[in-house]
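See structure below.
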Amino acid sequence: MPIIAIAYLIFLIAPVLLLALGSFGETWSNTLLPSGFTARWFQEVASDPSFRRAFVTSLQIVGTTCLLNLLVGLPLAYAIQAGAKGGVRFAARLVTLMPVAVPELVLAFGFILIFSTDALPWLGSFWLLAAGHLVLTLPYTVTALVADMEQLNLDEYEHAAATLGASFFARLRDVTLPLLRTSLLSSMLTVAALSIGEFQLSNLVSGFLSRTYPVVLLQAFYGATGFACAATIVLLFLAVLASLTSSLTAQFAGANKTRSA
């Protein structure tokens, strides 16, 4: 069993290590490892106008997706936790998780069919792409928030506040948001990690001016290998950074809950 685990880890890590080596290699053609050493590939990525524009677009999409997740995910999770009971609660959570089960290509083709008509000519727009990222990431936000609401016994705190005369908005400001702030931060970091690397839906839905970094990255592999490796390492760094920060935030929240208990 340890041999299988080690082999699996090598299988996962080897491509990343090869990408890192390729990003600093001078040439890499028909050989196992690149030859030479250079940092010019990262300089070329940074100076390439299409990659700069795609990088900014990706950051804008990530920020918009996180904001939309807050505006939609928090009320939806609160409604499921506080209002839905029995079969309605199960159905609501099932519908929320549907985008995870449905392949992204199916969702993308649905977007193409609906939003390329004369009535809804939005295909290729920035906001349609952000809406697509919202659909893909919302299940993770809602699931995490509902689980934390249950674990924190949010309904008991709100009931206690209500018996003391607190209005709904007062409870939201003084009870719900303070209790969920760490969960919200962790959820948004997870959404950022998912959004920054999303490719399938973005490749089919985005327009020329709204192409994200992963979409432009695909074209790099038709050219210089070192350039493509360097561009991939940049994307990988951002995704790993968001994932690690989300994990650390979740661990910090868990430690605080343990101390509070």
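Each chain in the structure tokens gets a letter, A, B, ..., in the order shown, and its residues are numbered from 1; ligands are numbered from 1 in order too.
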
(request) Please identify all polymer residues within 12 Å of segment 212-221 of chain A, counting only C-alpha atoms, omitting same-chain residues fewer than 2 positions from it, and present them as a PyMOL selection string. (result) chain A and resi 19+41+44-45+48-62+124-126+129-130+133+194-210+223-236+238-239

(message) If DSSP is run on the backbone, what residues of segment 116-186 of chain A are helix (DSSP H, G or I)? A reply as an MDAnalysis selection string would be ideal.
(response) chainID A and resid 126:151 154:163 168:186

(message) For a test of reading the model, state the distance in Å between atom CA of Met98 of chain A and atom CA of Gln251 of chain A, rounded to one decimal.
(response) 27.6 Å

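If you measure from each of A:Phe115, A:Phe42, A:Phe109, A:Gly73 to Leu128 of chain A using only C-alpha atoms, the closest one turns out to be A:Phe115.
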
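The space separating atom CA of Leu134 of chain A from atom CA of Cys66 of chain A comes to 8.0 Å.
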
Return as a Markdown table the residues of segment 39-118 of chain A lying at most 9 Å from segment 148-159 of chain A, together with the closest atom-to-atom pair for each and the distance in Å to one decimal, counting only C-alpha atoms, with rows in chain order and ascending residue number.
| residue | atom | partner | partner_atom | distance |
| --- | --- | --- | --- | --- |
| A:Ala77 | CA | A:Met149 | CA | 8.6 |
| A:Tyr78 | CA | A:Met149 | CA | 8.1 |
| A:Gln81 | CA | A:Met149 | CA | 7.2 |
| A:Ala82 | CA | A:Asp155 | CA | 7.0 |

Go ahead and save the picked residues with N, CA and C atoms, as a CSV table (one decimal), in the first residue's frame.
chain,number,residue,atom,x,y,z
A,77,ALA,N,-28.4,30.0,1.2
A,77,ALA,CA,-28.0,29.1,2.3
A,77,ALA,C,-28.8,29.3,3.5
A,78,TYR,N,-29.1,30.6,3.8
A,78,TYR,CA,-29.9,31.0,5.0
A,78,TYR,C,-31.3,30.5,4.8
A,81,GLN,N,-31.4,26.7,5.4
A,81,GLN,CA,-31.2,26.4,6.8
A,81,GLN,C,-32.4,26.8,7.6
A,82,ALA,N,-32.9,28.0,7.4
A,82,ALA,CA,-33.9,28.5,8.3
A,82,ALA,C,-35.3,28.2,7.9

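Taking atom CA of Ser246 of chain A and atom CA of Ser187 of chain A as the two end points, the separation is 7.3 Å.
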